[in-house]
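Participant: If you scroll down you'll find the structure; I have some questions about it.
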Amino acid sequence: MQWTSLNDLREKYLSFFESKGHLRLPSFPLVPQGDKSLLLINSGMAPMKKFFTGEVVPPRNRVTTCQKCIRTPDLDRVGLTARHGTFFEMLGNFSFGDYFKDEAIPWAWEFLTQCLEIPAELLWPSVYEEDDEAYAIWRDVIGVPEERIVKLGKADNFWEHGTGPCGPCSEVYFDRGEKYGCGSPDCKPGCDCDRYMEIWNNVFSQFNNMGDGTYTELAQKNIDTGMGLERLACVMQGVDNMFEVDSIRKIIDTVVAISGKTYGADAKNDVSIRVITDHVRSAMFMISDGVIPSNEGRGYVLRRIIRRACRHGKLLGINHAFLVDVVEVAIGESCAAYPELSAKADYIKKVLSMEEERFDATIDAGLSILSDMIRGALDKNADTISGEEVFKLYDTFGFPIDLTREIAEESHLHIDEETFNTLMKQQKTRAREARANISGWSESSKTLLSGLPQTEFTGYTDYRSEAKILAILTEDDSVESISEGDCTIILDRTPFYGEGGGQVGDEGTMYAEGKLLNVYDTKKTDGVYIHLCTIVNGTFSVGDTVMADIEDMRRRAIARNHSAAHLLQAALRKVLGDHVEQAGSYVSNSVCRFDFTHFSALDPKEIEAVEQLVNAYILTANAIETVETDIETAKKNGAMALFGEKYGAVVRMVKMGDFSTELCGGTHCGNTGEIGLFKIISETSVAAGVRRIEAVTGRGVLALIAQKDELLHDTAKALKAQNVNDIVMRAGQLQDELKAAHHEIDALNGKLAASRVDELLGSAPQVGAVRLVLARLDGMNVDSARTLSDAIKAKAADAVIVIGIVNDGKINFIAGCGKDAVAAGAHAGKLASAAAAVTGGKGGGRPDNAMSGGKDADKVNAALDSVKGELEKLLK
């Protein structure tokens, strides 16, 4: 058995199973694809569940992978022991109805004993106590002595999760030696001591749990093998835990070098070193797979991991940003197997750096308040910090509850999580009610719709449709007919698009002979389209046949903005990276607004690149195709789905050539050329990790150009320029004139200041060996005050000068000391600082020259009055 690096072990395993006819697949992303039951991928088989169930046909019946995994249930335990970690890699070989126990068990043995040359006598297989088939293979085919084959019960060696496919397991344990054991003569796999380490687990999926205590045989039997790469590396490298494995130890050594600590010398420091090492690895892979720090879902898991690493850095005495230095080493250790880490290295570092900065801003304010809470609880001999205090800390300062809990536990205190959770629920309820009130659609009105059939939507192809009135609602009542005022009308079919998917509802008219109404908005609920109307003339009754006619110019403008939103998302992903995901949108006839995940503001070059990509594709005038299909087919075609959105059995796929494919129920142009032009008008922040772009298209661009032209002409007129082309030249001339005027004013102020030298010196009191010049000269600029101070020093080497200025709302103190005054102990910097402090400001400088800034103008005189006392303290 030879020492083998973690990276070499990974390659040996995958190559071995390739030689057995397996297709090597790259690791699936940590973000589950089409599986909302998981927040993050946490096992090797998790991304392949649909292959096992038969919902999706696998690319081959034999597959092998090394899967990135994140598990966070024991997050608070990470670091406290060397066993726990959030990130790990799971080696796996899988059979989807192909081979079974007769192949899986011998291959496991062959890899361990022949490829890795682990001595056979150190390996102990375990089987489910009723699995005679697996037992016989280990004994009769492999030749393992019966005394080294351990039969274990259902709790240990039978895999099942509720109803559905399940089956027995067969594990392989490595004997680490007596020094890790409990000393019992009966010690063997299944014992609670550390002697026997599980390194391989074959799950034989051969039964179907019927849910009533009975099991039936599966027609298609599967193999699911799991083996932790880090755990196997511990065996092959002869180390006690994952943190001692070669590639992970290099990260530890980096943390040690940055912190100046020694790993293994102090238990508390070791905890922090392990936390940082593990969490940086997890964060690196999560960011690479498109997760962005946020306050919800997997984004919150990432934020929590990063902030926990930051805090443990502070516990080690690291008082500067350091995560980028650590992740650089982590990337270097894993990029050979995961080349996307190198490709996204700058992006990973940027996200970590920004989150570290945000944490520093949060932690300083929050820690001080939390320290007061802890001190208050301890002073009262309490063992719990109140939920109200914890909630205030979270709500006001964004201080995470998990961090509050962890810090409180270090002082042996609990937090009242029940009250905290109650307050959080109340806050969410208030927000939800506020959102509900915005819609203006009451519960009683919704009840009136409950018996109505779903509306047939004709608006994808028709702008006008004949329809029958099914119901008329006024406020919270249903009526048979109406001849004036506002009402809500429900039709059996409609071309009016109901607000949804970020697209506003249509407007237009309904009419029949002798009667007309205006539709000022359209909404939908549970498939029923709701037309909000105002009667113009005539009487409308339930059962009437009407012509429903949308305002086509408005609809076309909406379609331009909606199609542009799809092109915008595609362009953003090309310019910024695949981490960009839609976080919200709003498309109307006047604007295309798109919210997306990204960690920082776009710079002008990025905005220009996005604009150019969108406009270039618009000018291709490629057809915009819409296809109705099932969700899996759409995803195979590369369609982007909105995370968290619920999709039915049939979805609508909107495809714009090879540039953009999305699932979307909105209305679109016939080809990209109909969009006309695309112009971004703003790029702003919506929330941490979420940016917003607002843009215009088509006629909106023409309106923007007209607006800009008007602004240019108005500017030219105000500057008295001959035409708009002369604006820059005229602005430059005015700048030169202003500079000349300022210089002239400064020169005059200098002369005025010089004329006051004798006056100020003449009234200066003697303080010890120096003369103290104090003056308040509001309106004077800083440069003129400095000139005055220098003039006084030139005339009197024993002078100490402090001048207070309030100018355009700004407060400054200018201080100066002549050379004799400095020799006597005077210090301009200390005097300027002391004066500013009285007004709530700060500043300072050299012994002979200094400047400071103040905050409270009402205290300037008091600040000047305080100078004499400060000067007396300084004089020798």
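Note on naming: chains are A, B, ... as they come in the structure tokens, residues start from 1 per chain, ligands start from 1 in the order shown.
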List the neighbours of region 244-249 of chain A out to 7 Å using only C-alpha atoms; skip same-chain residues closer than 5 positions along the sequence, and give me the result as a list in words.
Facilitator: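 In the requested form, the answer reads Ser5, Leu6, Ala233, Cys234, Val239 and Glu333 of chain A.
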Participant: Near region 51-57 of chain A, within 12 Å and counting only C-alpha atoms, which residues show up once chain neighbours fewer than 4 positions away are dropped, as a ChimeraX atom specification?
Facilitator: /A:34,45-47,61-63,94-98,164-166,204-206,208,218-224,631-633,635-636
Participant: So that I can see what lies close to Lys859 (chain A), please list as a list in words the residues with an atom at most 10 Å from it, counting only C-alpha atoms and leaving out residues fewer than 2 positions away in the same chain.
Facilitator: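 Near Lys859 (chain A), the qualifying residues are Ala835, Ala836, Val838, Thr839, Gly840, Gly854, Lys855, Asp856, Ala857, Asn861, Ala862, Ala863, Leu864 and Asp865 of chain A.
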Participant: Restrict the selected residues to N, CA and C atoms and save them as a PDB file, in the first residue's frame.
Facilitator:
ATOM      1  N   ALA A 835      -9.327  70.619  18.928  1.00  0.00           N
ATOM      2  CA  ALA A 835     -10.383  71.574  18.586  1.00  0.00           C
ATOM      3  C   ALA A 835     -11.507  70.876  17.824  1.00  0.00           C
ATOM      4  N   ALA A 836     -11.127  70.047  16.869  1.00  0.00           N
ATOM      5  CA  ALA A 836     -12.136  69.343  16.071  1.00  0.00           C
ATOM      6  C   ALA A 836     -12.974  68.418  16.938  1.00  0.00           C
ATOM      7  N   VAL A 838     -14.034  68.731  19.893  1.00  0.00           N
ATOM      8  CA  VAL A 838     -15.101  69.456  20.608  1.00  0.00           C
ATOM      9  C   VAL A 838     -16.360  69.521  19.750  1.00  0.00           C
ATOM     10  N   THR A 839     -16.177  69.613  18.428  1.00  0.00           N
ATOM     11  CA  THR A 839     -17.322  69.717  17.507  1.00  0.00           C
ATOM     12  C   THR A 839     -17.750  68.357  16.951  1.00  0.00           C
ATOM     13  N   GLY A 840     -17.127  67.296  17.456  1.00  0.00           N
ATOM     14  CA  GLY A 840     -17.480  65.962  16.973  1.00  0.00           C
ATOM     15  C   GLY A 840     -16.714  65.538  15.746  1.00  0.00           C
ATOM     16  N   GLY A 854     -14.644  69.633  11.439  1.00  0.00           N
ATOM     17  CA  GLY A 854     -15.630  69.544  12.510  1.00  0.00           C
ATOM     18  C   GLY A 854     -16.991  69.140  11.992  1.00  0.00           C
ATOM     19  N   LYS A 855     -17.953  68.954  12.933  1.00  0.00           N
ATOM     20  CA  LYS A 855     -19.304  68.540  12.549  1.00  0.00           C
ATOM     21  C   LYS A 855     -20.383  69.495  13.046  1.00  0.00           C
ATOM     22  N   ASP A 856     -20.217  70.039  14.249  1.00  0.00           N
ATOM     23  CA  ASP A 856     -21.256  70.871  14.860  1.00  0.00           C
ATOM     24  C   ASP A 856     -20.818  72.331  14.843  1.00  0.00           C
ATOM     25  N   ALA A 857     -21.427  73.135  13.963  1.00  0.00           N
ATOM     26  CA  ALA A 857     -21.032  74.542  13.805  1.00  0.00           C
ATOM     27  C   ALA A 857     -21.315  75.361  15.065  1.00  0.00           C
ATOM     28  N   ASN A 861     -16.981  78.071  18.480  1.00  0.00           N
ATOM     29  CA  ASN A 861     -16.419  79.028  19.449  1.00  0.00           C
ATOM     30  C   ASN A 861     -15.892  78.305  20.686  1.00  0.00           C
ATOM     31  N   ALA A 862     -16.648  77.299  21.140  1.00  0.00           N
ATOM     32  CA  ALA A 862     -16.207  76.521  22.302  1.00  0.00           C
ATOM     33  C   ALA A 862     -14.904  75.788  21.986  1.00  0.00           C
ATOM     34  N   ALA A 863     -14.792  75.318  20.741  1.00  0.00           N
ATOM     35  CA  ALA A 863     -13.576  74.619  20.334  1.00  0.00           C
ATOM     36  C   ALA A 863     -12.371  75.549  20.392  1.00  0.00           C
ATOM     37  N   LEU A 864     -12.541  76.790  19.905  1.00  0.00           N
ATOM     38  CA  LEU A 864     -11.436  77.764  19.936  1.00  0.00           C
ATOM     39  C   LEU A 864     -11.079  78.131  21.380  1.00  0.00           C
ATOM     40  N   ASP A 865     -12.124  78.237  22.222  1.00  0.00           N
ATOM     41  CA  ASP A 865     -11.876  78.564  23.632  1.00  0.00           C
ATOM     42  C   ASP A 865     -11.077  77.467  24.342  1.00  0.00           C
TER      43      ASP A 865
END
Participant: How would you write, as a count of residues only, the set of residues in region 11-220 of chain A that DSSP gives as helix (DSSP H, G or I)?
Facilitator: 58
Participant: For the atom pair CA of Gly638 (chain A) and CA of Pro59 (chain A), what is the interatomic distance in Å to one decimal place?
Facilitator: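 Between these atoms lies a distance of 16.4 Å.
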Participant: May I have a table of the residues of region 534-558 of chain A lying at most 12 Å from region 668-679 of chain A, giving each one's closest pair of atoms and their distance in Å to one decimal, counting only C-alpha atoms, ordered by chain and ascending residue number, as a Markdown table?
Facilitator:
| residue | atom | partner | partner_atom | distance |
| --- | --- | --- | --- | --- |
| A:Arg555 | CA | A:His668 | CA | 9.2 |
| A:Arg556 | CA | A:Cys669 | CA | 7.3 |
| A:Ala557 | CA | A:Ile675 | CA | 8.4 |
| A:Ile558 | CA | A:His668 | CA | 8.0 |
Participant: Neighbouring residues of Asp192 (chain A) were defined as those with any atom within 12 Å, considering only C-alpha atoms; residues of the same chain fewer than 3 positions away were excluded. Please report them as a ChimeraX atom specification.
Facilitator: /A:180-184,186-189,195-197
Participant: Go ahead and save the picked residues with N, CA and C atoms, as a PDB file, in the first residue's frame.
Facilitator:
ATOM      1  N   TYR A 180      -6.582   2.372  17.844  1.00  0.00           N
ATOM      2  CA  TYR A 180      -7.816   3.143  17.676  1.00  0.00           C
ATOM      3  C   TYR A 180      -9.023   2.416  18.280  1.00  0.00           C
ATOM      4  N   GLY A 181      -8.808   1.221  18.798  1.00  0.00           N
ATOM      5  CA  GLY A 181      -9.912   0.397  19.256  1.00  0.00           C
ATOM      6  C   GLY A 181     -10.316   0.641  20.687  1.00  0.00           C
ATOM      7  N   CYS A 182     -11.324  -0.131  21.105  1.00  0.00           N
ATOM      8  CA  CYS A 182     -11.885  -0.001  22.454  1.00  0.00           C
ATOM      9  C   CYS A 182     -11.296  -1.037  23.413  1.00  0.00           C
ATOM     10  N   GLY A 183     -10.530  -1.992  22.867  1.00  0.00           N
ATOM     11  CA  GLY A 183      -9.921  -3.019  23.710  1.00  0.00           C
ATOM     12  C   GLY A 183     -10.774  -4.246  23.894  1.00  0.00           C
ATOM     13  N   SER A 184     -12.020  -4.210  23.412  1.00  0.00           N
ATOM     14  CA  SER A 184     -12.907  -5.361  23.577  1.00  0.00           C
ATOM     15  C   SER A 184     -12.485  -6.477  22.634  1.00  0.00           C
ATOM     16  N   ASP A 186     -14.398  -8.475  21.274  1.00  0.00           N
ATOM     17  CA  ASP A 186     -15.453  -8.584  20.265  1.00  0.00           C
ATOM     18  C   ASP A 186     -15.469  -7.402  19.299  1.00  0.00           C
ATOM     19  N   CYS A 187     -14.460  -6.532  19.385  1.00  0.00           N
ATOM     20  CA  CYS A 187     -14.433  -5.324  18.546  1.00  0.00           C
ATOM     21  C   CYS A 187     -14.348  -5.723  17.070  1.00  0.00           C
ATOM     22  N   LYS A 188     -15.268  -5.186  16.270  1.00  0.00           N
ATOM     23  CA  LYS A 188     -15.312  -5.446  14.827  1.00  0.00           C
ATOM     24  C   LYS A 188     -16.229  -4.400  14.185  1.00  0.00           C
ATOM     25  N   PRO A 189     -16.355  -4.371  12.856  1.00  0.00           N
ATOM     26  CA  PRO A 189     -17.249  -3.388  12.231  1.00  0.00           C
ATOM     27  C   PRO A 189     -18.625  -3.386  12.867  1.00  0.00           C
ATOM     28  N   ARG A 195     -11.774   2.147  15.495  1.00  0.00           N
ATOM     29  CA  ARG A 195     -10.820   1.231  14.864  1.00  0.00           C
ATOM     30  C   ARG A 195     -11.190   0.916  13.404  1.00  0.00           C
ATOM     31  N   TYR A 196     -12.462   0.655  13.166  1.00  0.00           N
ATOM     32  CA  TYR A 196     -12.882   0.238  11.824  1.00  0.00           C
ATOM     33  C   TYR A 196     -13.548   1.415  11.083  1.00  0.00           C
ATOM     34  N   MET A 197     -12.966   1.802   9.955  1.00  0.00           N
ATOM     35  CA  MET A 197     -13.463   2.940   9.183  1.00  0.00           C
ATOM     36  C   MET A 197     -14.114   2.440   7.892  1.00  0.00           C
TER      37      MET A 197
END
Participant: Could you list, as an MDAnalysis selection string, every residue within 12 Å of Gly700 (chain A), counting only C-alpha atoms and ignoring same-chain residues fewer than 2 positions away?
Facilitator: chainID A and resid 554 557:558 560:561 588:592 675:681 694:698 702:707
Participant: Write out the residues from the selection above, keeping C-alpha atoms, as a PDB file, in the first residue's frame.
Facilitator:
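Contents of selection-v6.pdb, freshly written:
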ATOM      1  CA  ARG A 554     -49.344  48.729 -26.724  1.00  0.00           C
ATOM      2  CA  ALA A 557     -44.406  47.479 -27.414  1.00  0.00           C
ATOM      3  CA  ILE A 558     -44.761  45.039 -24.501  1.00  0.00           C
ATOM      4  CA  ARG A 560     -40.568  44.139 -27.824  1.00  0.00           C
ATOM      5  CA  ASN A 561     -39.567  44.673 -24.208  1.00  0.00           C
ATOM      6  CA  SER A 588     -44.546  46.933 -19.878  1.00  0.00           C
ATOM      7  CA  ASN A 589     -45.067  49.009 -23.007  1.00  0.00           C
ATOM      8  CA  SER A 590     -42.598  51.608 -21.732  1.00  0.00           C
ATOM      9  CA  VAL A 591     -39.799  49.689 -20.009  1.00  0.00           C
ATOM     10  CA  CYS A 592     -37.890  46.416 -19.819  1.00  0.00           C
ATOM     11  CA  ILE A 675     -37.478  44.789 -31.308  1.00  0.00           C
ATOM     12  CA  GLY A 676     -35.834  47.631 -33.271  1.00  0.00           C
ATOM     13  CA  LEU A 677     -33.148  48.901 -30.914  1.00  0.00           C
ATOM     14  CA  PHE A 678     -32.177  48.271 -27.288  1.00  0.00           C
ATOM     15  CA  LYS A 679     -30.734  50.853 -24.872  1.00  0.00           C
ATOM     16  CA  ILE A 680     -29.879  50.445 -21.183  1.00  0.00           C
ATOM     17  CA  ILE A 681     -30.953  53.522 -19.223  1.00  0.00           C
ATOM     18  CA  GLU A 694     -33.815  49.106 -16.896  1.00  0.00           C
ATOM     19  CA  ALA A 695     -33.868  49.446 -20.659  1.00  0.00           C
ATOM     20  CA  VAL A 696     -36.030  50.669 -23.520  1.00  0.00           C
ATOM     21  CA  THR A 697     -36.656  49.293 -26.989  1.00  0.00           C
ATOM     22  CA  GLY A 698     -38.182  50.337 -30.304  1.00  0.00           C
ATOM     23  CA  LEU A 702     -36.614  57.004 -30.280  1.00  0.00           C
ATOM     24  CA  ALA A 703     -38.278  58.824 -27.363  1.00  0.00           C
ATOM     25  CA  LEU A 704     -35.000  58.611 -25.398  1.00  0.00           C
ATOM     26  CA  ILE A 705     -33.066  60.067 -28.340  1.00  0.00           C
ATOM     27  CA  ALA A 706     -35.589  62.930 -28.628  1.00  0.00           C
ATOM     28  CA  GLN A 707     -35.278  63.579 -24.883  1.00  0.00           C
TER      29      GLN A 707
END
Participant: For Asp383 (chain A), list every protein, DNA or RNA residue within 8 Å, evaluated using only C-alpha atoms, and leave out those in the same chain fewer than 3 positions away; present the list as a PyMOL selection string.
Facilitator: chain A and resi 377-378+412-414
Participant: Put those residues in a file: N, CA, C and O atoms, as a compact mmCIF listing (two decimals), in the first residue's frame.
Facilitator:
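So the final result, stored in part.txt, reads:
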# COMPACT_ATOMS: atom_id res chain seq x y z
N ALA A 377 -26.93 39.76 30.37
CA ALA A 377 -27.50 38.48 30.79
C ALA A 377 -26.68 37.86 31.92
O ALA A 377 -27.24 37.35 32.90
N LEU A 378 -25.36 37.94 31.81
CA LEU A 378 -24.50 37.37 32.85
C LEU A 378 -24.63 38.14 34.17
O LEU A 378 -24.62 37.55 35.25
N HIS A 412 -21.57 30.31 27.45
CA HIS A 412 -22.46 29.36 28.12
C HIS A 412 -23.88 29.92 28.25
O HIS A 412 -24.56 29.69 29.25
N LEU A 413 -24.31 30.66 27.23
CA LEU A 413 -25.66 31.22 27.21
C LEU A 413 -26.46 30.63 26.06
O LEU A 413 -25.89 30.24 25.03
N HIS A 414 -27.77 30.56 26.24
CA HIS A 414 -28.68 30.15 25.18
C HIS A 414 -29.35 31.41 24.60
O HIS A 414 -29.26 32.50 25.17
Participant: Could you please determine the separation between CA of Phe420 (chain A) and CA of His84 (chain A) in Å, to one decimal place?
Facilitator: 27.9 Å
Participant: Running DSSP on the backbone, which parts of region 12-96 of chain A land in strand (DSSP E or B), as JSON, numbers by chain?
Facilitator: {"A": [23, 24, 62, 63, 64, 65, 66, 67, 68, 69, 70, 78, 81, 87, 88, 89, 90, 91, 92, 93, 94, 95, 96]}
Participant: My list of candidates is A:Ser660, A:Asn518, A:Thr667, A:Asn201. Which is closest to Asp156 (chain A) when distances are computed with only C-alpha atoms?
Facilitator: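 Among the listed residues, the smallest separation from Asp156 (chain A) belongs to A:Asn201.
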Participant: Can you work out the spacing between CA of Ile803 (chain A) and CA of Gly845 (chain A) in Å, to one decimal?
Facilitator: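 Separating CA of Ile803 (chain A) from CA of Gly845 (chain A) is a distance of 14.7 Å.
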Participant: From the set A:Asp278, A:Ile149, A:Met48, A:Val235, which residue has the shortest atom-to-atom contact distance to Thr72 (chain A), counting only C-alpha atoms?
Facilitator: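 Using only C-alpha atoms, Thr72 (chain A) sits closest to A:Asp278.
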Participant: Which residues are near region 262-272 of chain A? Cut-off 10 Å, only C-alpha atoms, ignore same chain within fewer than 2 positions. Put them as an mmCIF file with C-alpha atoms, in the first residue's frame.
Facilitator:
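What landed in selection-v3.cif:
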data_model
loop_
_atom_site.group_PDB
_atom_site.id
_atom_site.type_symbol
_atom_site.label_atom_id
_atom_site.label_comp_id
_atom_site.auth_asym_id
_atom_site.auth_seq_id
_atom_site.Cartn_x
_atom_site.Cartn_y
_atom_site.Cartn_z
ATOM 1 C CA ARG A 77 -19.799 21.102 14.757
ATOM 2 C CA VAL A 78 -17.347 21.792 11.929
ATOM 3 C CA GLY A 79 -14.001 22.677 13.452
ATOM 4 C CA LEU A 80 -14.875 21.438 16.939
ATOM 5 C CA THR A 81 -13.749 17.994 15.819
ATOM 6 C CA ALA A 82 -11.571 16.891 12.918
ATOM 7 C CA ILE A 252 -4.383 24.637 6.607
ATOM 8 C CA ASP A 253 -0.737 25.629 6.206
ATOM 9 C CA VAL A 255 -4.217 29.753 7.188
ATOM 10 C CA VAL A 256 -1.421 29.098 9.680
ATOM 11 C CA ALA A 257 1.004 31.291 7.724
ATOM 12 C CA SER A 259 -2.476 33.984 11.192
ATOM 13 C CA GLY A 260 0.974 33.308 12.617
ATOM 14 C CA ARG A 274 -10.220 23.921 10.577
ATOM 15 C CA VAL A 275 -13.350 26.055 10.171
ATOM 16 C CA ILE A 276 -11.616 28.418 7.733
ATOM 17 C CA THR A 277 -10.046 25.545 5.781
ATOM 18 C CA ARG A 308 -18.315 31.918 9.875
ATOM 19 C CA ALA A 309 -14.887 31.688 8.227
ATOM 20 C CA CYS A 310 -14.453 35.468 8.565
ATOM 21 C CA ARG A 311 -15.291 35.415 12.257
ATOM 22 C CA HIS A 312 -12.873 32.592 12.976
ATOM 23 C CA GLY A 313 -10.226 34.627 11.166
ATOM 24 C CA LYS A 314 -10.822 37.408 13.685
ATOM 25 C CA LEU A 315 -10.577 34.883 16.516
ATOM 26 C CA LEU A 316 -7.124 33.991 15.179
ATOM 27 C CA GLY A 317 -6.156 37.664 15.256
#
Participant: Of the residues A:Val650, A:Ala687, A:Val536, A:Ala609, which is the one nearest to Glu628 (chain A), using only C-alpha atoms?
Facilitator: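 That would be A:Val650, the residue with the smallest distance to Glu628 (chain A).
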